[in-house]
Amino acid sequence: MGSGRLRLPWLLLASYVFYGWWNPFYLGLIFYSTLLDYWIVAWMDQCHQGDWPENRSGGWRAFLFLHLKNRGLNQALWCGRLLLIGATCGLSLGPSSLRALATLMCLLGFTMIWAATRQDRRSWLWASMLNNLSLLFYFKYADFFIENANFLMDRLGLGYQWPPAASWMPLGMEYMLPVGISFYTFQSMSYTLDFYRGQLGREHSFLRFATYVSFFPQLVAGPIERASSLLPQLARPKKLQAKAFAEGSSIFLVGLFKKLALANYLSFYVERVYEMPETQAAPALAMATVAFAWQIYFDFSGYTDMARGIARIMGYELMLNFNHPYLATSLGDFWARWHISLSTWFRDYVYIPLGGNRKGPILGATYLLITFLASAIWHGAAWTFVIWGLMHAVGTLFNRLLERQKWFQEKVPTMLRRILVFGFVCLAWIFFRAESVADAWLILSKLVQGNWQDPQIPWLMVALILAVWSYQWVQQSPWRAWTQTGPFKVCAVIIMLLWLCFFSSSGGAFIYFQF
Amino acid sequence: MEGTRCTQGLVLSGRQWILVIMSLCLTMWMIPIGWQGLETFDPEESYRIPYAASRDYWLYERYVNQPHDEPRVYFVGDSVVWGEYVSKEGTWTHWLNDHSQGEPRFVNLALNGLYPLALEGLLEHYAKELHHAQVLLHCNLLWMSSPQADLSDPKEQVFNHPMLVPQWEPQLPSYHATIETRLSRLVGNHWSWLAWIRHLQIHYWDQKDPYQWTLMDDGRYPPTYPNHRSFPWQAIDWQLEQEPSPDPDRGLESPRHKPWSELGEGTQRYDWVPLSQSLQWAAFQRICQRMVERDNALMVIIGPFNQHMLHPDHRPTFKAYEQEIIQWFRDQGIAHLAPPTLPSHQYGDASHPLQPGYRMLAQQLWEAPDFQQWIKPLKR
């Protein structure tokens with residue numbers, strides 16, 4: 001099965017069972033998203049390379065009577081028409097609980113007819129973006145948007161309040177954030193965008209494309225793989241190899257250790273302090289913030305290590321997602337090491353298309369701000385995330401200015417830069433972790449006041465953080481070769497396994513599952 | 001290549017993995033054995049597994065495996081044998097030892113809160129060395145007195161020793177654990193390393209894992225965290241947890257050590273589960289058969305149930321129920337004794353005698369001709 005014809009169906013089935021286990025209803029969502037992007041790229045492939053071809057047609061007559069010579073696009077046109085008719089019937093005759101879904105289908109039908117009649121790639125790209133981002137918006141941001149809009153309308157005395165997003169769910173289904181929606185939506189979008197930009201050929205096999213979108217090791221928390229990297233791997237026959245198994249198991253074990261032995265332990269202290277920040281003094285808040293910085297790193301990078309390990313065992317290479325981020329010497333360097341698959345996604349599909357740093361310092365800074373804001377909002381619908389993103393944007397710009405100064409380049413040692421970057425990142429994490437902006441301000445003000453009180457952080461926790469930080473530091477030093485010797489690695493793995501037996505503790509789900 | 005693909009650099013080759021697995025197996029096998037040499041365990045005559053260590057099956061196994069010269073009779077059962085209201089100097093086995101003067105020695109192999117479905121697992125996984133031994137097995141009818149006690153009620157229950165019950169077959173309607181929990185319990189029973197880790201947690205880290213121990217609060221408000229400056233290995237003093245002496249919950253001085261009722265007449269009605277449907281009784285039957293297969297010299301002690309607590313109208317039902325059980329032992333040719341009900345004031349509740357009750361029970365047992373016949377091979 002490993003290298004045979006059943007490999008892909010098995011992988012897809014495993015991925016869908018894995019995802020559907022959590023909530024079978026949301027399996028439909030990922031399937032819908034996959035199918036639509038697959039078709040849209042297929043229809044995009046039928047269009048002329050250039051935008052706005054001469055034979056484009058428009059107007060109401062086109063909606064009703066147009067027949068396109070291109071068979072594929074004609075199919076798209078009819079799909080759009082059928083969707084529109086069906087959705088209109090549903091809207092007028094169906095139960096009220098189906099209204100929101102029918103409206104969405106109406107819009108999709110219109111978009112499809114519009115894109116098919118225009119016969120240009122950009123229209124299909126818009127259709128895909130609109131569809132993907134609408135779903136993401138509805139499930140992830142609708143409540144936040146409605147809440148803020150209602151607050152604003154109330155303040156303006158407009159006397160109207162929007163109903164909560166949950167009331168739009170069809171047939172009384174439960175409204176909840178589908179696990180990993182941000183990850184698989186971005187992964188699917190990268191395929192459409194790369195195809196549109198001519199950087200990737202069309203994937204003809206639906207099975208392969210569906211496996212790419214839902215590839216179970218990285219489905220719910222990344223890394224966000226590019227189609228150009230994973231699709232060719234899925235196309236090649238695979239053989240289960242002992243070497244890949246050994247390597248994959250090593251990567252998986254490190255991930256497991258990060259999650260069970262480190263992240264979960266730190267989470268207990270962080271929760272204790274952040275649960276009631278008003279009762280805590282500055283040292284505890286500072287220690288909890290540092291602990292959270294490491295917790296989120298161990299938690300998220302632990303998951304991606306496990307994902308990469310499982311994929312490697314099966315013969316697939318997933319991209320590196322973390323590269324010792326707390327050894328970064330600048331904020332730019334930090335973002336080149338932290339959640340690399342997301343950072344590069346925003347760089348390639350937002351920052352550079354906007355203009356990057358090619359259009360002068362002011363516009364460059366604006367684009368950077370937009371990119372960081374988008375990245376922050378990707379993490380969640382809350383003002384705390386927005387502030388976190390803004391802090392990083394401003395911090396990165398300031399850091400760039402500093403790096404251009406000669407005195408900074410020559411006189412500030414690397415270690416001090418690392419400490420400064422880590423300090424700033426921790427400061428920003430306060431907003432990321434706090435329950436509300438008010439809580440974050442409270443923590444900041446308490447940190448400034450600096451009342452001394454024993455933080456009561458377990459010394460074992462501090463020792464573990466220091467040990468990992470030292471190990472990472474050695475990894476980037478000339479002594480790395482010493483840690484690459486066989487006896488060291490074997491001893492380290494035995495200690496990790498024994499440590500897991502003694503110390504692994506249950507500490508809840510992965511943090512990034514919520515994104 | 002490793003630098004980009006795996007930044008932490010801990011990538012092992014196949015051969016290194018084999019070395020790791022072999023070293024790990026050796027370590028996991030050696031450490032618990034070596035531990036027995038370091039941690040002193042010299043149980044005295046009246047020893048019983050302390051209440052706080054009721055889940056320490058590794059210690060139980062160690063107790064079973066204790067080397068000995070004198071002939072022994074192992075008394076296996078639940079808190080009735082263990083001695084719920086009495087100190088270890090007031091238990092059934094203590095008084096039996098008083099009669100026998102150590103020839104043979106009666107060993108209290110009971111655990112608090114043990115019921116037949118759990119006892120089955122305990123004997124299967126942690127008392128393998130008990131084969132060929134002389135075993136007194138206590139049969140407590142209370143476990144069949146209601147669907148809840150029998151674990152056959154479909155409503156979920158929290159009960160003692162969930163690790164020892166059958167995880168899948170036979171299915172227990174009251175047991176609603178997840179697949180992961182069942183699987184981890186199954187593995188935990190087959191892997192003595194995990195039982196040893198639990199032993200450490202119970203004795204040195206306040207029944208917690210070492211991480212939780214470092215985070216433990218003192219229960220006050222605002223809380224303080226007494227262990228945050230200690231590393232878990234600092235708590236290991238090689239001293240096994242002992243029963244508190246005096247124990248505020250047990251013994252003649254304890255407020256709990258008192259008759260169940262001053263009046264001595266009860267109104268209790270039990271919803272006895274028919275024996276053909278009882279999960280606990282089926283488990284008890286399997287235990288007996290297993291012991292016979294293991295060449296154990298087995299004698300079953302039935303009760304004594306506190307019949308004074310029953311409503312007078314309900315006593316015939318109980319008698320019939322007890323007779324049905326006795327008949328099964330008779331049919332199977334298993335040695336058994338059903339001591340007469342004790343005076344009402346010698347019971348602390350439905351099944352647990354008080355200290356004078358145990359003394360009387362031991363005397364009745366010791367004087368029973370069938371019992372004397374049964375222990376005859378052990379007398380020098």
# chains A, B, ... in the order shown; residues from 1 in each chain; ligands from 1
$ interface_residues --of "chain A" --to "chain B" --cutoff "8 Å" --atoms "only C-alpha atoms" --output "PyMOL selection string"
chain A and resi 242-243+245-247+250-251+254+265+268-269+319-320+323-324+456-460+472+475+483-484+486+489-491+493-494+498+501-503+505
$ write_last_selection --atoms "N, CA and C atoms" --output "compact mmCIF listing (two decimals), in the first residue's frame"
# COMPACT_ATOMS: atom_id res chain seq x y z
N ALA A 242 13.71 2.36 5.75
CA ALA A 242 14.18 2.32 7.14
C ALA A 242 14.80 3.65 7.55
N LYS A 243 15.54 4.26 6.62
CA LYS A 243 16.20 5.53 6.94
C LYS A 243 15.16 6.62 7.25
N PHE A 245 12.16 6.13 8.18
CA PHE A 245 11.47 5.76 9.41
C PHE A 245 12.26 6.21 10.64
N ALA A 246 13.57 5.96 10.59
CA ALA A 246 14.43 6.34 11.72
C ALA A 246 14.46 7.86 11.89
N GLU A 247 14.59 8.57 10.78
CA GLU A 247 14.64 10.04 10.84
C GLU A 247 13.30 10.61 11.32
N SER A 250 12.74 10.16 14.94
CA SER A 250 13.53 11.10 15.74
C SER A 250 12.84 12.46 15.82
N ILE A 251 12.39 12.93 14.66
CA ILE A 251 11.73 14.25 14.63
C ILE A 251 10.44 14.20 15.45
N VAL A 254 11.10 14.29 19.24
CA VAL A 254 11.43 15.63 19.74
C VAL A 254 10.14 16.45 19.90
N TYR A 265 3.80 21.32 30.92
CA TYR A 265 4.27 21.70 32.26
C TYR A 265 4.20 23.22 32.41
N PHE A 268 0.75 24.96 33.06
CA PHE A 268 0.13 25.01 34.38
C PHE A 268 0.49 26.31 35.11
N TYR A 269 1.76 26.68 35.02
CA TYR A 269 2.20 27.91 35.71
C TYR A 269 1.60 29.14 35.03
N MET A 319 7.93 21.31 5.18
CA MET A 319 8.90 22.39 5.39
C MET A 319 9.19 22.63 6.89
N LEU A 320 10.37 23.18 7.12
CA LEU A 320 10.75 23.53 8.49
C LEU A 320 9.90 24.73 8.92
N ASN A 323 12.91 27.63 13.61
CA ASN A 323 14.35 27.46 13.58
C ASN A 323 14.98 28.27 14.73
N HIS A 324 14.82 27.77 15.93
CA HIS A 324 15.34 28.44 17.14
C HIS A 324 14.98 29.93 17.16
N GLN A 456 7.18 32.15 42.90
CA GLN A 456 6.85 30.75 43.18
C GLN A 456 6.78 29.90 41.90
N ILE A 457 7.68 30.18 41.01
CA ILE A 457 7.79 29.35 39.81
C ILE A 457 8.63 28.13 40.18
N PRO A 458 8.23 26.93 39.79
CA PRO A 458 9.06 25.76 40.14
C PRO A 458 10.46 25.87 39.53
N TRP A 459 11.43 25.58 40.35
CA TRP A 459 12.81 25.67 39.87
C TRP A 459 13.09 24.67 38.76
N LEU A 460 12.37 23.58 38.81
CA LEU A 460 12.53 22.58 37.75
C LEU A 460 12.17 23.18 36.40
N GLN A 472 19.94 24.95 22.47
CA GLN A 472 19.73 25.63 21.19
C GLN A 472 20.92 26.53 20.86
N GLN A 475 23.64 24.53 19.58
CA GLN A 475 23.35 24.12 18.21
C GLN A 475 23.79 25.14 17.18
N THR A 483 27.49 17.83 19.81
CA THR A 483 26.15 17.27 20.04
C THR A 483 25.70 16.36 18.90
N GLN A 484 26.50 16.30 17.87
CA GLN A 484 26.13 15.46 16.74
C GLN A 484 26.79 14.08 16.78
N GLY A 486 27.35 10.23 17.89
CA GLY A 486 26.39 9.14 18.16
C GLY A 486 26.09 8.96 19.63
N LYS A 489 23.79 11.66 21.02
CA LYS A 489 22.41 11.59 20.52
C LYS A 489 21.65 10.42 21.15
N VAL A 490 22.33 9.27 21.25
CA VAL A 490 21.67 8.09 21.84
C VAL A 490 21.32 8.37 23.30
N CYS A 491 22.28 8.93 24.04
CA CYS A 491 22.01 9.24 25.46
C CYS A 491 20.88 10.25 25.59
N VAL A 493 18.40 10.82 23.58
CA VAL A 493 17.09 10.22 23.26
C VAL A 493 16.63 9.31 24.41
N ILE A 494 17.56 8.55 24.99
CA ILE A 494 17.17 7.69 26.13
C ILE A 494 16.66 8.56 27.28
N LEU A 498 12.92 8.41 28.88
CA LEU A 498 12.71 8.14 30.31
C LEU A 498 11.99 9.32 30.97
N CYS A 501 8.41 9.17 30.36
CA CYS A 501 7.73 8.18 31.22
C CYS A 501 7.40 8.78 32.58
N PHE A 502 8.32 9.55 33.12
CA PHE A 502 8.13 10.09 34.46
C PHE A 502 7.29 11.36 34.48
N PHE A 503 7.60 12.25 33.53
CA PHE A 503 7.13 13.62 33.69
C PHE A 503 6.02 14.06 32.75
N SER A 505 2.78 15.06 31.30
CA SER A 505 1.51 15.29 31.98
C SER A 505 0.50 15.83 31.01
$ residues_around --residues "Pro164 in chain A" --least-positions-apart "6" --cutoff "9 Å" --atoms "only C-alpha atoms" --output "MDAnalysis selection string"
chainID A and resid 142:143 146:147
$ write_last_selection --atoms "N, CA and C atoms" --output "PDB file, in the first residue's frame"
ATOM      1  N   ALA A 142     -16.868  36.424  12.139  1.00  0.00           N
ATOM      2  CA  ALA A 142     -18.208  37.009  12.083  1.00  0.00           C
ATOM      3  C   ALA A 142     -18.666  37.533  13.444  1.00  0.00           C
ATOM      4  N   ASP A 143     -18.478  36.728  14.472  1.00  0.00           N
ATOM      5  CA  ASP A 143     -18.950  37.143  15.796  1.00  0.00           C
ATOM      6  C   ASP A 143     -18.222  38.402  16.275  1.00  0.00           C
ATOM      7  N   ILE A 146     -19.597  41.300  14.213  1.00  0.00           N
ATOM      8  CA  ILE A 146     -20.973  41.631  14.616  1.00  0.00           C
ATOM      9  C   ILE A 146     -20.977  42.333  15.979  1.00  0.00           C
ATOM     10  N   GLU A 147     -20.176  41.791  16.864  1.00  0.00           N
ATOM     11  CA  GLU A 147     -20.088  42.359  18.215  1.00  0.00           C
ATOM     12  C   GLU A 147     -19.640  43.826  18.165  1.00  0.00           C
TER      13      GLU A 147
END
$ select_by_dssp --residues "range 16-204 of chain B" --states "helix (DSSP H, G or I)" --output "VMD selection string"
chain B and resid 16 to 38 51 to 53 57 to 64 79 to 82 88 to 90 92 to 100 116 to 126 128 to 130 141 to 144 179 to 190 192 to 204
$ write_last_selection --atoms "C-alpha atoms" --output "compact mmCIF listing (two decimals), in the first residue's frame"
# COMPACT_ATOMS: atom_id res chain seq x y z
CA GLN B 16 21.13 4.09 16.89
CA TRP B 17 17.41 3.53 17.36
CA ILE B 18 18.02 -0.15 17.94
CA LEU B 19 20.64 0.76 20.53
CA VAL B 20 18.21 3.17 22.17
CA ILE B 21 15.44 0.58 22.33
CA MET B 22 17.75 -2.08 23.75
CA SER B 23 19.18 0.28 26.35
CA LEU B 24 15.74 1.45 27.27
CA CYS B 25 14.38 -2.07 27.69
CA LEU B 26 17.35 -2.94 29.87
CA THR B 27 16.93 0.23 31.94
CA MET B 28 13.22 -0.32 32.41
CA TRP B 29 13.78 -3.87 33.46
CA MET B 30 16.73 -3.19 35.77
CA ILE B 31 15.64 -0.05 37.59
CA PRO B 32 12.53 -1.47 39.34
CA ILE B 33 14.53 -4.56 40.34
CA GLY B 34 17.41 -2.45 41.63
CA TRP B 35 14.94 -0.21 43.40
CA GLN B 36 13.80 -3.08 45.59
CA GLY B 37 17.32 -3.34 46.90
CA LEU B 38 17.48 0.33 47.75
CA TYR B 51 -4.87 2.93 52.88
CA ALA B 52 -3.00 5.74 51.05
CA ALA B 53 -1.18 3.15 48.97
CA TYR B 57 -0.07 -2.49 42.84
CA TRP B 58 3.71 -2.60 42.43
CA LEU B 59 4.02 -2.66 46.22
CA TYR B 60 1.27 -5.27 46.36
CA GLU B 61 3.23 -7.46 43.98
CA ARG B 62 6.36 -6.91 46.05
CA TYR B 63 4.44 -7.91 49.16
CA VAL B 64 3.19 -11.07 47.46
CA SER B 79 -11.86 -3.83 53.08
CA VAL B 80 -13.59 -6.45 55.26
CA VAL B 81 -10.38 -8.46 55.34
CA TRP B 82 -8.25 -5.32 55.24
CA LYS B 88 -3.58 -3.22 61.73
CA GLU B 89 -3.42 -4.82 65.20
CA GLY B 90 -7.16 -5.41 65.13
CA TRP B 92 -8.95 -10.59 61.04
CA THR B 93 -5.47 -11.84 60.04
CA HIS B 94 -3.95 -10.37 63.19
CA TRP B 95 -6.29 -12.42 65.37
CA LEU B 96 -5.75 -15.51 63.25
CA ASN B 97 -2.01 -15.09 63.72
CA ASP B 98 -2.70 -14.75 67.42
CA HIS B 99 -4.28 -18.18 67.35
CA SER B 100 -1.73 -19.83 65.09
CA PRO B 116 -14.38 -9.10 42.56
CA LEU B 117 -14.10 -7.44 39.13
CA ALA B 118 -10.99 -5.58 40.30
CA LEU B 119 -9.66 -8.49 42.32
CA GLU B 120 -9.67 -10.55 39.16
CA GLY B 121 -7.33 -8.03 37.50
CA LEU B 122 -5.18 -7.75 40.60
CA LEU B 123 -4.62 -11.49 40.83
CA GLU B 124 -4.04 -11.74 37.09
CA HIS B 125 -1.41 -9.03 36.84
CA TYR B 126 0.10 -8.46 40.27
CA LYS B 128 1.21 -14.27 39.71
CA GLU B 129 3.47 -15.70 42.41
CA LEU B 130 0.44 -16.78 44.37
CA LEU B 141 -22.16 -10.27 49.13
CA LEU B 142 -22.46 -6.50 49.35
CA TRP B 143 -20.99 -6.24 45.83
CA MET B 144 -24.10 -7.93 44.45
CA ILE B 179 -10.74 4.25 24.49
CA GLU B 180 -7.49 6.07 25.30
CA THR B 181 -8.02 5.64 29.03
CA ARG B 182 -8.87 1.96 28.67
CA LEU B 183 -5.85 1.42 26.45
CA SER B 184 -3.48 3.20 28.82
CA ARG B 185 -4.85 1.17 31.76
CA LEU B 186 -4.42 -2.02 29.80
CA VAL B 187 -0.82 -1.15 28.96
CA GLY B 188 -0.23 -0.02 32.55
CA ASN B 189 -1.21 -3.47 33.85
CA HIS B 190 1.11 -5.29 31.51
CA SER B 192 5.59 -3.19 35.48
CA TRP B 193 7.69 -0.09 34.76
CA LEU B 194 4.53 2.01 34.81
CA ALA B 195 3.37 0.34 38.02
CA TRP B 196 6.72 1.25 39.54
CA ILE B 197 6.36 4.88 38.44
CA ARG B 198 2.93 4.94 40.08
CA HIS B 199 4.56 3.53 43.21
CA LEU B 200 6.97 6.48 43.28
CA GLN B 201 4.15 8.93 42.73
CA ILE B 202 2.12 7.46 45.57
CA HIS B 203 4.93 7.30 48.11
CA TYR B 204 7.08 10.32 47.33
$ atom_distance --atom1 "CA of Val273 in chain B" --atom2 "CA of Asp153 in chain B"
10.4 Å
$ atom_distance --atom1 "CA of Ile296 in chain A" --atom2 "CA of Phe25 in chain A"
29.2 Å
$ select_by_dssp --residues "range 82-258 of chain B" --states "strand (DSSP E or B)" --output "PDB file with C-alpha atoms, in the first residue's frame"
ATOM      1  CA  ARG B 105       1.363 -17.103  59.274  1.00  0.00           C
ATOM      2  CA  PHE B 106      -1.744 -15.345  57.946  1.00  0.00           C
ATOM      3  CA  VAL B 107      -0.895 -12.575  55.505  1.00  0.00           C
ATOM      4  CA  ASN B 108      -3.314  -9.722  54.962  1.00  0.00           C
ATOM      5  CA  GLN B 134      -2.791 -21.606  50.425  1.00  0.00           C
ATOM      6  CA  VAL B 135      -5.381 -18.872  49.864  1.00  0.00           C
ATOM      7  CA  LEU B 136      -8.325 -17.739  51.917  1.00  0.00           C
ATOM      8  CA  LEU B 137     -10.655 -15.799  49.672  1.00  0.00           C
ATOM      9  CA  HIS B 138     -13.303 -13.532  51.073  1.00  0.00           C
ATOM     10  CA  CYS B 139     -16.673 -13.319  49.367  1.00  0.00           C
TER      11      CYS B 139
END
$ residues_around --residues "Ala382 in chain A" --least-positions-apart "5" --cutoff "10 Å" --atoms "only C-alpha atoms" --output "PyMOL selection string"
chain A and resi 141+144-145+376-377+387+432+435-437
$ residues_around --residues "range 408-423 of chain A" --least-positions-apart "5" --cutoff "8 Å" --atoms "only C-alpha atoms" --output "number ranges by chain"
A: 326-331, 334, 402-403
$ decode --residues "range 143-211 of chain A" --atoms "C-alpha atoms" --output "mmCIF file, in the first residue's frame"
data_model
loop_
_atom_site.group_PDB
_atom_site.id
_atom_site.type_symbol
_atom_site.label_atom_id
_atom_site.label_comp_id
_atom_site.auth_asym_id
_atom_site.auth_seq_id
_atom_site.Cartn_x
_atom_site.Cartn_y
_atom_site.Cartn_z
ATOM 1 C CA ASP A 143 -18.950 37.143 15.796
ATOM 2 C CA PHE A 144 -16.115 39.595 16.421
ATOM 3 C CA PHE A 145 -17.318 41.792 13.559
ATOM 4 C CA ILE A 146 -20.973 41.631 14.616
ATOM 5 C CA GLU A 147 -20.088 42.359 18.215
ATOM 6 C CA ASN A 148 -18.099 45.461 17.274
ATOM 7 C CA ALA A 149 -20.630 46.597 14.669
ATOM 8 C CA ASN A 150 -23.471 46.246 17.165
ATOM 9 C CA PHE A 151 -21.472 48.199 19.725
ATOM 10 C CA LEU A 152 -20.875 50.944 17.172
ATOM 11 C CA MET A 153 -24.528 51.049 16.055
ATOM 12 C CA ASP A 154 -25.600 51.186 19.657
ATOM 13 C CA ARG A 155 -23.282 54.132 20.291
ATOM 14 C CA LEU A 156 -24.574 55.901 17.196
ATOM 15 C CA GLY A 157 -28.127 55.298 18.331
ATOM 16 C CA LEU A 158 -29.131 53.479 15.143
ATOM 17 C CA GLY A 159 -31.401 51.113 17.033
ATOM 18 C CA TYR A 160 -30.477 48.022 15.028
ATOM 19 C CA GLN A 161 -28.579 44.964 16.176
ATOM 20 C CA TRP A 162 -27.312 42.161 13.997
ATOM 21 C CA PRO A 163 -28.155 38.645 15.142
ATOM 22 C CA PRO A 164 -25.234 36.469 16.241
ATOM 23 C CA ALA A 165 -23.397 34.446 13.607
ATOM 24 C CA ALA A 166 -24.675 31.211 15.112
ATOM 25 C CA SER A 167 -28.209 32.088 14.000
ATOM 26 C CA TRP A 168 -27.099 31.770 10.363
ATOM 27 C CA MET A 169 -26.075 28.137 10.676
ATOM 28 C CA PRO A 170 -28.211 25.892 8.483
ATOM 29 C CA LEU A 171 -30.639 23.403 10.030
ATOM 30 C CA GLY A 172 -29.742 24.385 13.573
ATOM 31 C CA MET A 173 -26.194 23.059 13.354
ATOM 32 C CA GLU A 174 -23.756 24.093 16.029
ATOM 33 C CA TYR A 175 -21.665 27.165 15.249
ATOM 34 C CA MET A 176 -18.067 26.557 16.201
ATOM 35 C CA LEU A 177 -14.680 27.257 14.731
ATOM 36 C CA PRO A 178 -13.660 24.332 12.528
ATOM 37 C CA VAL A 179 -10.290 23.072 13.718
ATOM 38 C CA GLY A 180 -7.459 24.078 11.373
ATOM 39 C CA ILE A 181 -9.670 26.104 8.999
ATOM 40 C CA SER A 182 -7.039 28.853 8.716
ATOM 41 C CA PHE A 183 -4.387 26.321 7.833
ATOM 42 C CA TYR A 184 -6.163 24.360 5.134
ATOM 43 C CA THR A 185 -7.803 27.461 3.649
ATOM 44 C CA PHE A 186 -4.413 29.129 3.215
ATOM 45 C CA GLN A 187 -2.942 25.928 1.849
ATOM 46 C CA SER A 188 -5.722 25.640 -0.720
ATOM 47 C CA MET A 189 -5.445 29.332 -1.609
ATOM 48 C CA SER A 190 -1.723 29.008 -2.244
ATOM 49 C CA TYR A 191 -2.485 26.457 -4.968
ATOM 50 C CA THR A 192 -4.934 28.802 -6.730
ATOM 51 C CA LEU A 193 -2.593 31.789 -6.368
ATOM 52 C CA ASP A 194 0.448 29.889 -7.627
ATOM 53 C CA PHE A 195 -1.518 28.592 -10.598
ATOM 54 C CA TYR A 196 -2.836 32.069 -11.374
ATOM 55 C CA ARG A 197 0.686 33.460 -11.283
ATOM 56 C CA GLY A 198 1.898 30.720 -13.601
ATOM 57 C CA GLN A 199 4.235 29.267 -10.994
ATOM 58 C CA LEU A 200 2.487 25.932 -10.872
ATOM 59 C CA GLY A 201 0.780 23.606 -13.341
ATOM 60 C CA ARG A 202 -2.777 22.471 -12.870
ATOM 61 C CA GLU A 203 -3.240 19.350 -10.777
ATOM 62 C CA HIS A 204 -5.449 17.048 -12.833
ATOM 63 C CA SER A 205 -5.995 14.412 -10.163
ATOM 64 C CA PHE A 206 -8.696 15.417 -7.701
ATOM 65 C CA LEU A 207 -7.576 12.659 -5.391
ATOM 66 C CA ARG A 208 -4.070 14.096 -5.218
ATOM 67 C CA PHE A 209 -5.322 17.635 -4.732
ATOM 68 C CA ALA A 210 -7.736 16.586 -1.993
ATOM 69 C CA THR A 211 -4.905 14.698 -0.277
#
